[in-house]
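> Sharing target_8.cif, mmCIF, C-alpha atoms and all ligand atoms:
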data_structure
#
loop_
_atom_site.group_PDB
_atom_site.id
_atom_site.type_symbol
_atom_site.label_atom_id
_atom_site.label_comp_id
_atom_site.auth_asym_id
_atom_site.auth_seq_id
_atom_site.Cartn_x
_atom_site.Cartn_y
_atom_site.Cartn_z
ATOM 1 C CA MET A 1 -11.098 107.742 187.253
ATOM 2 C CA LYS A 2 -7.450 107.182 186.420
ATOM 3 C CA ASP A 3 -5.782 104.598 184.197
ATOM 4 C CA GLN A 4 -3.007 102.303 185.416
ATOM 5 C CA ARG A 5 -0.438 105.062 185.000
ATOM 6 C CA GLY A 6 -2.489 107.545 187.004
ATOM 7 C CA VAL A 7 -3.700 109.550 184.014
ATOM 8 C CA ASP A 8 -7.212 110.963 184.353
ATOM 9 C CA ALA A 9 -9.975 109.606 182.134
ATOM 10 C CA SER A 10 -13.453 111.095 182.103
ATOM 11 C CA SER A 11 -14.973 107.643 182.614
ATOM 12 C CA ASP A 12 -16.218 106.376 185.963
ATOM 13 C CA ASN A 13 -16.588 102.833 184.639
ATOM 14 C CA SER A 14 -13.832 100.645 186.083
ATOM 15 C CA GLN A 15 -14.696 97.761 183.745
ATOM 16 C CA SER A 16 -14.252 99.982 180.688
ATOM 17 C CA LEU A 17 -10.887 101.166 181.966
ATOM 18 C CA ALA A 18 -9.806 97.579 182.629
ATOM 19 C CA THR A 19 -10.743 96.677 179.056
ATOM 20 C CA TYR A 20 -8.839 99.758 177.847
ATOM 21 C CA GLU A 21 -5.724 98.421 179.581
ATOM 22 C CA ARG A 22 -6.120 95.045 177.839
ATOM 23 C CA ALA A 23 -6.542 96.727 174.457
ATOM 24 C CA LEU A 24 -3.573 99.018 175.107
ATOM 25 C CA ARG A 25 -1.395 96.055 175.986
ATOM 26 C CA ALA A 26 -2.417 94.343 172.736
ATOM 27 C CA PHE A 27 -1.367 97.522 170.920
ATOM 28 C CA ASN A 28 1.905 97.721 172.914
ATOM 29 C CA THR A 29 2.805 94.129 172.060
ATOM 30 C CA TYR A 30 1.384 94.177 168.498
ATOM 31 C CA ARG A 31 -0.550 91.061 169.394
ATOM 32 C CA GLY A 32 -4.181 90.149 168.891
ATOM 33 C CA ASP A 33 -6.785 92.693 167.921
ATOM 34 C CA PRO A 34 -6.951 95.814 170.093
ATOM 35 C CA VAL A 35 -10.028 97.057 168.215
ATOM 36 C CA ALA A 36 -12.004 93.891 168.978
ATOM 37 C CA ILE A 37 -10.997 94.224 172.629
ATOM 38 C CA ILE A 38 -11.972 97.878 172.994
ATOM 39 C CA ASP A 39 -15.217 97.209 171.135
ATOM 40 C CA GLU A 40 -16.176 94.977 174.068
ATOM 41 C CA ALA A 41 -16.082 98.058 176.277
ATOM 42 C CA LEU A 42 -17.796 100.340 173.772
ATOM 43 C CA GLU A 43 -20.652 97.909 173.338
ATOM 44 C CA THR A 44 -21.719 98.306 176.955
ATOM 45 C CA ASP A 45 -20.292 101.794 177.503
ATOM 46 C CA PRO A 46 -20.724 103.698 174.221
ATOM 47 C CA ASP A 47 -19.713 107.021 175.802
ATOM 48 C CA PHE A 48 -16.283 105.755 176.929
ATOM 49 C CA ALA A 49 -14.104 108.484 175.451
ATOM 50 C CA MET A 50 -10.707 106.809 175.779
ATOM 51 C CA GLY A 51 -12.194 103.741 174.098
ATOM 52 C CA HIS A 52 -13.003 105.850 171.044
ATOM 53 C CA VAL A 53 -9.596 107.510 171.245
ATOM 54 C CA LEU A 54 -7.817 104.161 171.303
ATOM 55 C CA ARG A 55 -9.989 102.812 168.501
ATOM 56 C CA GLY A 56 -9.166 105.851 166.390
ATOM 57 C CA HIS A 57 -5.435 105.685 167.048
ATOM 58 C CA VAL A 58 -5.141 101.958 166.347
ATOM 59 C CA HIS A 59 -6.686 102.586 162.950
ATOM 60 C CA LEU A 60 -4.503 105.676 162.472
ATOM 61 C CA SER A 61 -1.445 103.488 163.091
ATOM 62 C CA MET A 62 -2.171 101.786 159.763
ATOM 63 C CA TRP A 63 -1.631 105.156 158.075
ATOM 64 C CA GLU A 64 -3.608 104.622 154.916
ATOM 65 C CA ARG A 65 -6.774 105.823 153.244
ATOM 66 C CA SER A 66 -8.781 102.653 153.934
ATOM 67 C CA VAL A 67 -8.971 103.460 157.662
ATOM 68 C CA VAL A 68 -10.402 106.962 157.199
ATOM 69 C CA PRO A 69 -14.083 105.918 157.677
ATOM 70 C CA GLU A 70 -13.258 104.176 160.952
ATOM 71 C CA ILE A 71 -11.353 107.188 162.280
ATOM 72 C CA GLU A 72 -14.211 109.443 161.187
ATOM 73 C CA LYS A 73 -16.548 107.323 163.318
ATOM 74 C CA SER A 74 -14.297 107.798 166.346
ATOM 75 C CA VAL A 75 -14.038 111.548 165.762
ATOM 76 C CA THR A 76 -17.796 111.910 165.313
ATOM 77 C CA LYS A 77 -18.415 110.197 168.630
ATOM 78 C CA LEU A 78 -15.694 112.198 170.380
ATOM 79 C CA ASN A 79 -17.277 115.407 169.045
ATOM 80 C CA GLU A 80 -20.619 114.360 170.558
ATOM 81 C CA LEU A 81 -18.891 113.769 173.880
ATOM 82 C CA ASN A 82 -16.772 116.914 173.697
ATOM 83 C CA ASN A 83 -18.388 118.780 176.599
ATOM 84 C CA ARG A 84 -17.948 115.908 179.003
ATOM 85 C CA ASN A 85 -14.484 114.865 177.821
ATOM 86 C CA ASN A 86 -11.442 116.057 179.728
ATOM 87 C CA ASP A 87 -8.615 118.156 178.314
ATOM 88 C CA ARG A 88 -6.473 115.168 177.352
ATOM 89 C CA GLU A 89 -9.309 113.435 175.540
ATOM 90 C CA ARG A 90 -10.113 116.622 173.622
ATOM 91 C CA ARG A 91 -6.461 116.919 172.581
ATOM 92 C CA HIS A 92 -6.530 113.328 171.317
ATOM 93 C CA ALA A 93 -9.696 114.074 169.351
ATOM 94 C CA HIS A 94 -8.016 117.139 167.854
ATOM 95 C CA ALA A 95 -4.995 115.065 166.764
ATOM 96 C CA LEU A 96 -7.298 112.554 165.086
ATOM 97 C CA LYS A 97 -9.108 115.389 163.277
ATOM 98 C CA GLN A 98 -5.833 116.894 162.118
ATOM 99 C CA TRP A 99 -4.730 113.527 160.765
ATOM 100 C CA LEU A 100 -8.017 113.140 158.881
ATOM 101 C CA SER A 101 -7.584 116.586 157.332
ATOM 102 C CA GLY A 102 -4.128 115.643 156.098
ATOM 103 C CA ASP A 103 -2.314 117.814 158.635
ATOM 104 C CA TRP A 104 -0.037 115.018 159.777
ATOM 105 C CA ASN A 105 2.626 117.276 161.222
ATOM 106 C CA GLY A 106 -0.079 119.158 163.083
ATOM 107 C CA ALA A 107 -1.301 115.873 164.578
ATOM 108 C CA ARG A 108 2.236 114.982 165.642
ATOM 109 C CA GLY A 109 2.621 118.396 167.244
ATOM 110 C CA THR A 110 -0.679 118.069 169.086
ATOM 111 C CA LEU A 111 0.472 114.733 170.492
ATOM 112 C CA ASP A 112 3.746 116.358 171.562
ATOM 113 C CA HIS A 113 1.924 119.151 173.367
ATOM 114 C CA LEU A 114 -0.419 116.593 174.932
ATOM 115 C CA LEU A 115 2.573 114.641 176.191
ATOM 116 C CA ALA A 116 4.130 117.761 177.679
ATOM 117 C CA GLU A 117 1.062 117.915 179.938
ATOM 118 C CA TYR A 118 0.450 114.167 180.275
ATOM 119 C CA PRO A 119 3.823 112.404 179.837
ATOM 120 C CA ARG A 120 2.444 109.173 181.283
ATOM 121 C CA ASP A 121 -0.118 108.743 178.489
ATOM 122 C CA LEU A 122 1.256 105.527 177.014
ATOM 123 C CA LEU A 123 -1.195 105.505 174.112
ATOM 124 C CA ALA A 124 -0.143 109.018 173.066
ATOM 125 C CA LEU A 125 3.501 107.993 173.328
ATOM 126 C CA GLN A 126 3.073 104.964 171.098
ATOM 127 C CA ILE A 127 0.963 106.601 168.407
ATOM 128 C CA GLY A 128 3.281 109.618 168.479
ATOM 129 C CA HIS A 129 6.290 107.322 168.157
ATOM 130 C CA LEU A 130 4.760 105.487 165.206
ATOM 131 C CA SER A 131 3.851 108.822 163.596
ATOM 132 C CA ASP A 132 7.460 109.957 163.971
ATOM 133 C CA PHE A 133 8.536 106.654 162.435
ATOM 134 C CA TYR A 134 6.303 107.126 159.404
ATOM 135 C CA HIS A 135 7.752 110.597 158.934
ATOM 136 C CA GLY A 136 11.347 109.397 159.274
ATOM 137 C CA ASP A 137 11.733 111.964 162.069
ATOM 138 C CA ARG A 138 14.581 110.369 163.956
ATOM 139 C CA GLU A 139 15.110 113.365 166.243
ATOM 140 C CA ASN A 140 11.591 113.079 167.565
ATOM 141 C CA LEU A 141 11.682 109.275 167.658
ATOM 142 C CA ARG A 142 14.277 109.849 170.322
ATOM 143 C CA GLY A 143 13.083 113.172 171.742
ATOM 144 C CA ARG A 144 9.384 112.459 172.195
ATOM 145 C CA VAL A 145 10.052 109.460 174.425
ATOM 146 C CA ALA A 146 13.093 110.990 176.141
ATOM 147 C CA ARG A 147 11.076 114.025 177.212
ATOM 148 C CA ALA A 148 8.474 111.780 178.863
ATOM 149 C CA MET A 149 10.908 109.496 180.650
ATOM 150 C CA PRO A 150 11.515 111.671 183.757
ATOM 151 C CA ALA A 151 7.825 111.251 184.603
ATOM 152 C CA TRP A 152 8.142 107.461 184.728
ATOM 153 C CA THR A 153 9.696 104.882 187.057
ATOM 154 C CA ARG A 154 10.585 101.297 186.250
ATOM 155 C CA ASP A 155 7.713 100.037 188.406
ATOM 156 C CA ASP A 156 5.106 101.782 186.264
ATOM 157 C CA SER A 157 2.737 99.743 184.134
ATOM 158 C CA GLY A 158 4.070 99.836 180.595
ATOM 159 C CA TYR A 159 7.542 101.160 181.465
ATOM 160 C CA ALA A 160 9.206 98.424 179.417
ATOM 161 C CA PHE A 161 7.371 99.601 176.307
ATOM 162 C CA LEU A 162 8.592 103.133 176.965
ATOM 163 C CA LEU A 163 12.130 101.759 177.123
ATOM 164 C CA GLY A 164 11.628 99.787 173.910
ATOM 165 C CA MET A 165 10.547 102.929 172.087
ATOM 166 C CA HIS A 166 13.423 104.859 173.611
ATOM 167 C CA ALA A 167 15.806 102.179 172.356
ATOM 168 C CA PHE A 168 14.559 102.568 168.803
ATOM 169 C CA GLY A 169 14.857 106.365 168.900
ATOM 170 C CA LEU A 170 18.399 106.123 170.206
ATOM 171 C CA GLU A 171 19.297 103.629 167.499
ATOM 172 C CA GLU A 172 17.885 105.788 164.718
ATOM 173 C CA CYS A 173 20.001 108.668 166.039
ATOM 174 C CA GLY A 174 23.141 106.521 166.000
ATOM 175 C CA SER A 175 23.535 106.040 169.753
ATOM 176 C CA TYR A 176 23.989 102.317 169.366
ATOM 177 C CA ALA A 177 25.392 101.367 172.780
ATOM 178 C CA ALA A 178 22.694 103.308 174.636
ATOM 179 C CA ALA A 179 20.056 101.870 172.308
ATOM 180 C CA GLU A 180 21.150 98.312 172.939
ATOM 181 C CA GLU A 181 21.281 98.878 176.680
ATOM 182 C CA ALA A 182 17.762 100.333 176.707
ATOM 183 C CA GLY A 183 16.431 97.594 174.410
ATOM 184 C CA ARG A 184 17.894 94.777 176.458
ATOM 185 C CA HIS A 185 16.630 96.394 179.644
ATOM 186 C CA ALA A 186 13.151 96.520 178.095
ATOM 187 C CA LEU A 187 13.384 92.830 177.175
ATOM 188 C CA ASP A 188 14.475 91.955 180.719
ATOM 189 C CA LEU A 189 11.326 93.622 182.025
ATOM 190 C CA GLU A 190 9.008 92.547 179.199
ATOM 191 C CA PRO A 191 10.376 89.637 177.135
ATOM 192 C CA ASP A 192 7.552 89.982 174.591
ATOM 193 C CA ASP A 193 8.333 93.602 173.706
ATOM 194 C CA CYS A 194 8.808 92.971 169.994
ATOM 195 C CA TRP A 195 9.552 96.660 169.362
ATOM 196 C CA ALA A 196 12.506 96.460 171.762
ATOM 197 C CA GLN A 197 13.588 93.262 170.008
ATOM 198 C CA HIS A 198 13.421 95.188 166.758
ATOM 199 C CA ALA A 199 15.447 98.089 168.157
ATOM 200 C CA VAL A 200 18.277 95.783 169.209
ATOM 201 C CA ALA A 201 18.120 94.049 165.815
ATOM 202 C CA HIS A 202 18.586 97.467 164.187
ATOM 203 C CA VAL A 203 21.674 98.085 166.316
ATOM 204 C CA MET A 204 23.153 94.763 165.216
ATOM 205 C CA GLU A 205 22.292 95.496 161.598
ATOM 206 C CA MET A 206 23.934 98.910 161.706
ATOM 207 C CA GLN A 207 27.035 97.478 163.364
ATOM 208 C CA ALA A 208 27.264 94.541 160.926
ATOM 209 C CA ARG A 209 26.828 92.012 163.743
ATOM 210 C CA GLN A 210 24.935 89.626 161.491
ATOM 211 C CA SER A 211 25.821 86.309 163.152
ATOM 212 C CA GLU A 212 24.875 87.711 166.516
ATOM 213 C CA GLY A 213 21.728 89.097 164.962
ATOM 214 C CA ILE A 214 20.703 85.702 163.631
ATOM 215 C CA ASN A 215 21.153 84.151 167.059
ATOM 216 C CA PHE A 216 19.376 87.024 168.761
ATOM 217 C CA MET A 217 16.374 86.783 166.460
ATOM 218 C CA GLU A 218 16.093 83.040 165.921
ATOM 219 C CA GLY A 219 16.838 82.300 169.563
ATOM 220 C CA ARG A 220 13.930 84.392 170.795
ATOM 221 C CA THR A 221 11.142 83.642 168.298
ATOM 222 C CA GLU A 222 8.789 82.558 171.069
ATOM 223 C CA HIS A 223 8.803 86.186 172.214
ATOM 224 C CA TRP A 224 8.200 87.969 168.903
ATOM 225 C CA ALA A 225 6.870 85.502 166.320
ATOM 226 C CA GLN A 226 3.718 84.315 168.054
ATOM 227 C CA THR A 227 0.939 83.463 165.597
ATOM 228 C CA ASP A 228 -1.048 86.546 166.611
ATOM 229 C CA ASN A 229 1.927 88.921 166.459
ATOM 230 C CA GLY A 230 1.359 91.515 163.756
ATOM 231 C CA PHE A 231 4.943 92.763 163.857
ATOM 232 C CA GLN A 232 6.549 89.389 163.223
ATOM 233 C CA PHE A 233 6.614 89.956 159.456
ATOM 234 C CA HIS A 234 8.971 92.882 159.893
ATOM 235 C CA ASN A 235 11.144 91.141 162.466
ATOM 236 C CA TRP A 236 11.356 88.108 160.182
ATOM 237 C CA TRP A 237 12.411 90.456 157.407
ATOM 238 C CA HIS A 238 15.266 91.701 159.591
ATOM 239 C CA THR A 239 16.204 88.096 160.277
ATOM 240 C CA ALA A 240 16.249 87.402 156.543
ATOM 241 C CA LEU A 241 18.534 90.418 156.026
ATOM 242 C CA PHE A 242 21.015 89.086 158.568
ATOM 243 C CA ASN A 243 21.085 85.801 156.672
ATOM 244 C CA LEU A 244 21.391 87.540 153.329
ATOM 245 C CA ASP A 245 24.357 89.532 154.600
ATOM 246 C CA GLN A 246 25.995 86.233 155.564
ATOM 247 C CA ASP A 247 25.340 84.769 152.102
ATOM 248 C CA ARG A 248 22.913 82.274 153.620
ATOM 249 C CA PHE A 249 20.578 82.597 150.681
ATOM 250 C CA GLN A 250 18.616 79.408 151.279
ATOM 251 C CA ARG A 251 17.749 80.391 154.829
ATOM 252 C CA ALA A 252 16.883 83.921 153.733
ATOM 253 C CA LEU A 253 14.478 82.521 151.145
ATOM 254 C CA GLU A 254 12.948 80.128 153.671
ATOM 255 C CA ILE A 255 12.330 83.045 156.022
ATOM 256 C CA TYR A 256 10.830 85.063 153.204
ATOM 257 C CA ASP A 257 8.428 82.259 152.304
ATOM 258 C CA GLU A 258 7.538 81.268 155.859
ATOM 259 C CA GLY A 259 7.845 84.483 157.839
ATOM 260 C CA VAL A 260 7.875 87.597 155.699
ATOM 261 C CA ARG A 261 5.351 86.434 153.123
ATOM 262 C CA PRO A 262 3.834 83.247 154.470
ATOM 263 C CA GLU A 263 1.304 82.787 151.664
ATOM 264 C CA PRO A 264 3.083 82.599 148.297
ATOM 265 C CA ALA A 265 0.302 84.244 146.335
ATOM 266 C CA GLY A 266 -0.924 86.424 149.142
ATOM 267 C CA ASP A 267 -0.354 89.984 150.157
ATOM 268 C CA PRO A 268 1.196 90.090 153.647
ATOM 269 C CA ALA A 269 -1.149 92.910 154.538
ATOM 270 C CA HIS A 270 -4.040 90.655 153.593
ATOM 271 C CA VAL A 271 -2.632 87.885 155.747
ATOM 272 C CA ALA A 272 -2.368 90.284 158.659
ATOM 273 C CA ARG A 273 -5.914 91.496 158.166
ATOM 274 C CA ARG A 274 -7.176 87.920 158.004
ATOM 275 C CA ARG A 275 -5.666 87.406 161.414
ATOM 276 C CA GLY A 276 -8.009 90.085 162.602
ATOM 277 C CA SER A 277 -5.546 92.686 163.794
ATOM 278 C CA PRO A 278 -5.764 96.172 162.325
ATOM 279 C CA VAL A 279 -2.471 97.093 163.930
ATOM 280 C CA ALA A 280 -0.926 94.095 162.239
ATOM 281 C CA HIS A 281 -1.547 95.728 158.910
ATOM 282 C CA ALA A 282 0.879 98.576 159.364
ATOM 283 C CA PRO A 283 3.852 96.638 160.675
ATOM 284 C CA ALA A 284 3.319 94.149 157.857
ATOM 285 C CA ARG A 285 4.072 97.049 155.559
ATOM 286 C CA PHE A 286 7.232 97.898 157.440
ATOM 287 C CA GLY A 287 9.028 95.110 155.621
ATOM 288 C CA ARG A 288 8.788 97.124 152.448
ATOM 289 C CA ARG A 289 9.996 100.380 153.917
ATOM 290 C CA GLN A 290 13.189 101.320 155.632
ATOM 291 C CA PRO A 291 13.144 105.049 156.318
ATOM 292 C CA LEU A 292 16.726 105.701 157.182
ATOM 293 C CA GLY A 293 18.490 103.174 155.020
ATOM 294 C CA ARG A 294 20.877 100.413 155.923
ATOM 295 C CA SER A 295 24.508 99.774 155.384
ATOM 296 C CA ARG A 296 26.636 96.699 155.120
ATOM 297 C CA ARG A 297 29.470 98.577 156.760
ATOM 298 C CA PRO A 298 29.737 98.570 160.528
ATOM 299 C CA LEU A 299 28.944 101.952 161.966
ATOM 300 C CA ARG A 300 30.367 103.585 165.031
ATOM 301 C CA GLU A 301 28.491 105.712 167.498
ATOM 302 C CA GLY A 302 27.231 108.768 165.697
HETATM 303 FE FE FE A 401 13.147 97.730 161.102
#
Would you write out, as structure tokens, the structure that this file holds?

Amino acid sequence: MKDQRGVDASSDNSQSLATYERALRAFNTYRGDPVAIIDEALETDPDFAMGHVLRGHVHLSMWERSVVPEIEKSVTKLNELNNRNNDRERRHAHALKQWLSGDWNGARGTLDHLLAEYPRDLLALQIGHLSDFYHGDRENLRGRVARAMPAWTRDDSGYAFLLGMHAFGLEECGSYAAAEEAGRHALDLEPDDCWAQHAVAHVMEMQARQSEGINFMEGRTEHWAQTDNGFQFHNWWHTALFNLDQDRFQRALEIYDEGVRPEPAGDPAHVARRRGSPVAHAPARFGRRQPLGRSRRPLREG
């Protein structure tokens, strides 16, 4: 059968594929717990390969040692299913194995080659994009998504998320006007695309548009700061930076206490985990990392 973007899966279980789409959307929006959702499918359909692939990649997105046992479980199951899995599923399994072995660039390359064959694989695009982010590979943040775009149309399921990722890649490469256009287009199509929101916030940060940034972030909190949104910590952190740049120290501290680090004595990663979302863990860490730096000076197109 095919998924909602017409990509072949080895499964013939329509219910499992429907659950896969729900879990993928949770991953796309950084909301809820994609692992708990896909586990619903795996409980009744333990041989659902793309379920194991998604489960492995959601854990991989946290990019730390603690998730290794969970990814090993996914890889073990995918190895058992290898002969019945299709080419795309085997490539995903290979990328997960490479990641486990420490060959992170190899895993990124495998996902690139996979996407050359299957550019409408939204899961591969997102985990590849996040992997490029972790590596600070701005060229591929832009290029990976840009290469896939000709295979998509705006009516495709998940197109807005593709645009949101494209916006971030453009921004990291200094194409601020194009990034903002893509990000706002994504938000028109999918108002809850918090990654697109983040991409536009980056543009405003890089162009020293702090007042506009405050309005853009605080005026749209219902779309990116939902209680189950694992990326809100990072977007709140950007909002705090805008305030800090405007010497609004009190507001910046309020945001830190209430949004970036909502429990005074708690680790934000712990808070995210308590909310039950593995994917929330990684974006919670984003607030402490900024791969390409920031500047208080407005920047022009680069
Ligand atoms: Fe950011």
> Near segment 185-192 of chain A, within 7 Å and counting only C-alpha atoms, which residues show up once chain neighbours fewer than 2 positions away are dropped, as a list of chain:residue names?
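The contact residues come out as A:Thr29, A:Ala160, A:Phe161, A:Leu163, A:Gly164, A:Glu181, A:Ala182, A:Gly183, A:Cys194, A:Ala196, A:His223, A:Trp224.
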> Between A:Ala240, A:Glu70, A:Gly158, A:His202, which has the minimum distance to Glu254 of chain A (counting only C-alpha atoms)?
A:Ala240
> Translate the PyMOL selection byres (((chain A and resi 130-144) around 7) and not hetatm) into a concrete residue list for this structure, as a ChimeraX atom specification.
/A:61,108,112,126-129,145-148,166,169-170,172-173,291-292
> If you count all atoms listed in the file, which residues fall within 8 Å of segment 41-54 of chain A, apart from same-chain ones fewer than 5 positions away, as a PDB file with C-alpha atoms, keeping the file's coordinate frame?

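Output file around-v5.pdb follows:
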ATOM      1  CA  ALA A   9      -9.975 109.606 182.134  1.00  0.00           C
ATOM      2  CA  SER A  10     -13.453 111.095 182.103  1.00  0.00           C
ATOM      3  CA  SER A  11     -14.973 107.643 182.614  1.00  0.00           C
ATOM      4  CA  GLN A  15     -14.696  97.761 183.745  1.00  0.00           C
ATOM      5  CA  SER A  16     -14.252  99.982 180.688  1.00  0.00           C
ATOM      6  CA  THR A  19     -10.743  96.677 179.056  1.00  0.00           C
ATOM      7  CA  TYR A  20      -8.839  99.758 177.847  1.00  0.00           C
ATOM      8  CA  LEU A  24      -3.573  99.018 175.107  1.00  0.00           C
ATOM      9  CA  SER A  74     -14.297 107.798 166.346  1.00  0.00           C
ATOM     10  CA  VAL A  75     -14.038 111.548 165.762  1.00  0.00           C
ATOM     11  CA  LYS A  77     -18.415 110.197 168.630  1.00  0.00           C
ATOM     12  CA  LEU A  78     -15.694 112.198 170.380  1.00  0.00           C
ATOM     13  CA  LEU A  81     -18.891 113.769 173.880  1.00  0.00           C
ATOM     14  CA  ASN A  85     -14.484 114.865 177.821  1.00  0.00           C
ATOM     15  CA  GLU A  89      -9.309 113.435 175.540  1.00  0.00           C
ATOM     16  CA  HIS A  92      -6.530 113.328 171.317  1.00  0.00           C
ATOM     17  CA  ALA A  93      -9.696 114.074 169.351  1.00  0.00           C
ATOM     18  CA  LEU A 123      -1.195 105.505 174.112  1.00  0.00           C
TER      19      LEU A 123
END
> Please compute the atom CA of Ala36 of chain A-atom CA of Trp237 of chain A distance, one decimal, in Å.
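Spanning atom CA of Ala36 of chain A to atom CA of Trp237 of chain A is a straight-line distance of 27.2 Å.
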> Using all atoms listed in the file, pick whichever of A:Glu258, A:Glu40, A:Glu171, A:Glu222 has the shortest atom-to-atom distance to Trp236 of chain A.
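Ranking A:Glu258, A:Glu40, A:Glu171, A:Glu222 by distance to Trp236 of chain A, first place goes to A:Glu258.
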> Measure the distance from atom CA of Ser14 of chain A to atom CA of Met1 of chain A in Å and round it to one decimal.
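That distance, rounded to one decimal, is 7.7 Å.
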> List, as a PyMOL selection string, every residue that the PyMOL selection byres (((chain A and resi 212) around 12) and not hetatm) selects in the file provided.
chain A and resi 200-205+207-211+213-219+239+242-243+246
> Can you spit out the residues from that selection as a CSV table (one decimal), in the frame of the given file, using C-alpha atoms?

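out.csv, freshly written:
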chain,number,residue,atom,x,y,z
A,200,VAL,CA,18.3,95.8,169.2
A,201,ALA,CA,18.1,94.0,165.8
A,202,HIS,CA,18.6,97.5,164.2
A,203,VAL,CA,21.7,98.1,166.3
A,204,MET,CA,23.2,94.8,165.2
A,205,GLU,CA,22.3,95.5,161.6
A,207,GLN,CA,27.0,97.5,163.4
A,208,ALA,CA,27.3,94.5,160.9
A,209,ARG,CA,26.8,92.0,163.7
A,210,GLN,CA,24.9,89.6,161.5
A,211,SER,CA,25.8,86.3,163.2
A,213,GLY,CA,21.7,89.1,165.0
A,214,ILE,CA,20.7,85.7,163.6
A,215,ASN,CA,21.2,84.2,167.1
A,216,PHE,CA,19.4,87.0,168.8
A,217,MET,CA,16.4,86.8,166.5
A,218,GLU,CA,16.1,83.0,165.9
A,219,GLY,CA,16.8,82.3,169.6
A,239,THR,CA,16.2,88.1,160.3
A,242,PHE,CA,21.0,89.1,158.6
A,243,ASN,CA,21.1,85.8,156.7
A,246,GLN,CA,26.0,86.2,155.6
> For Asn28 of chain A, which residue out of A:Gly109, A:Gly230, A:Pro150, A:Gly174 is the nearest one, using only C-alpha atoms?
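Checking each of A:Gly109, A:Gly230, A:Pro150, A:Gly174 against Asn28 of chain A, counting only C-alpha atoms, the winner is A:Gly230.
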> Let me make sure I understand: among A:Asp156, A:Asp33, A:Glu80, A:Glu72, which one has the smallest atom-to-atom distance to Val58 of chain A if we use only C-alpha atoms?
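Among the listed residues, the smallest separation from Val58 of chain A belongs to A:Asp33.
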> Would you fill out segment 34-49 of chain A with N, CA and C atoms and return it as a PDB file, in the frame of the given file?

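Below is the file that was written, selection_11.pdb:
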ATOM      1  N   PRO A  34      -6.544  94.811 169.105  1.00  0.00           N
ATOM      2  CA  PRO A  34      -6.951  95.814 170.093  1.00  0.00           C
ATOM      3  C   PRO A  34      -8.322  96.413 169.822  1.00  0.00           C
ATOM      4  N   VAL A  35      -8.707  96.483 168.536  1.00  0.00           N
ATOM      5  CA  VAL A  35     -10.028  97.057 168.215  1.00  0.00           C
ATOM      6  C   VAL A  35     -11.137  96.132 168.720  1.00  0.00           C
ATOM      7  N   ALA A  36     -10.984  94.828 168.492  1.00  0.00           N
ATOM      8  CA  ALA A  36     -12.004  93.891 168.978  1.00  0.00           C
ATOM      9  C   ALA A  36     -12.107  93.963 170.497  1.00  0.00           C
ATOM     10  N   ILE A  37     -10.974  94.148 171.163  1.00  0.00           N
ATOM     11  CA  ILE A  37     -10.997  94.224 172.629  1.00  0.00           C
ATOM     12  C   ILE A  37     -11.723  95.493 173.088  1.00  0.00           C
ATOM     13  N   ILE A  38     -11.344  96.639 172.518  1.00  0.00           N
ATOM     14  CA  ILE A  38     -11.972  97.878 172.994  1.00  0.00           C
ATOM     15  C   ILE A  38     -13.441  97.938 172.595  1.00  0.00           C
ATOM     16  N   ASP A  39     -13.802  97.254 171.516  1.00  0.00           N
ATOM     17  CA  ASP A  39     -15.217  97.209 171.135  1.00  0.00           C
ATOM     18  C   ASP A  39     -16.059  96.514 172.206  1.00  0.00           C
ATOM     19  N   GLU A  40     -15.442  95.610 172.957  1.00  0.00           N
ATOM     20  CA  GLU A  40     -16.176  94.977 174.068  1.00  0.00           C
ATOM     21  C   GLU A  40     -16.626  96.050 175.055  1.00  0.00           C
ATOM     22  N   ALA A  41     -15.733  96.985 175.332  1.00  0.00           N
ATOM     23  CA  ALA A  41     -16.082  98.058 176.277  1.00  0.00           C
ATOM     24  C   ALA A  41     -17.106  99.009 175.673  1.00  0.00           C
ATOM     25  N   LEU A  42     -16.911  99.351 174.398  1.00  0.00           N
ATOM     26  CA  LEU A  42     -17.796 100.340 173.772  1.00  0.00           C
ATOM     27  C   LEU A  42     -19.211  99.804 173.568  1.00  0.00           C
ATOM     28  N   GLU A  43     -19.325  98.494 173.511  1.00  0.00           N
ATOM     29  CA  GLU A  43     -20.652  97.909 173.338  1.00  0.00           C
ATOM     30  C   GLU A  43     -21.528  98.189 174.568  1.00  0.00           C
ATOM     31  N   THR A  44     -20.930  98.084 175.733  1.00  0.00           N
ATOM     32  CA  THR A  44     -21.719  98.306 176.955  1.00  0.00           C
ATOM     33  C   THR A  44     -21.575  99.728 177.492  1.00  0.00           C
ATOM     34  N   ASP A  45     -20.565 100.438 177.003  1.00  0.00           N
ATOM     35  CA  ASP A  45     -20.292 101.794 177.503  1.00  0.00           C
ATOM     36  C   ASP A  45     -19.952 102.686 176.302  1.00  0.00           C
ATOM     37  N   PRO A  46     -20.984 102.996 175.497  1.00  0.00           N
ATOM     38  CA  PRO A  46     -20.724 103.698 174.221  1.00  0.00           C
ATOM     39  C   PRO A  46     -20.173 105.110 174.380  1.00  0.00           C
ATOM     40  N   ASP A  47     -20.241 105.663 175.595  1.00  0.00           N
ATOM     41  CA  ASP A  47     -19.713 107.021 175.802  1.00  0.00           C
ATOM     42  C   ASP A  47     -18.312 107.006 176.421  1.00  0.00           C
ATOM     43  N   PHE A  48     -17.626 105.884 176.341  1.00  0.00           N
ATOM     44  CA  PHE A  48     -16.283 105.755 176.929  1.00  0.00           C
ATOM     45  C   PHE A  48     -15.271 106.434 175.998  1.00  0.00           C
ATOM     46  N   ALA A  49     -14.911 107.653 176.356  1.00  0.00           N
ATOM     47  CA  ALA A  49     -14.104 108.484 175.451  1.00  0.00           C
ATOM     48  C   ALA A  49     -12.762 107.845 175.095  1.00  0.00           C
TER      49      ALA A  49
END
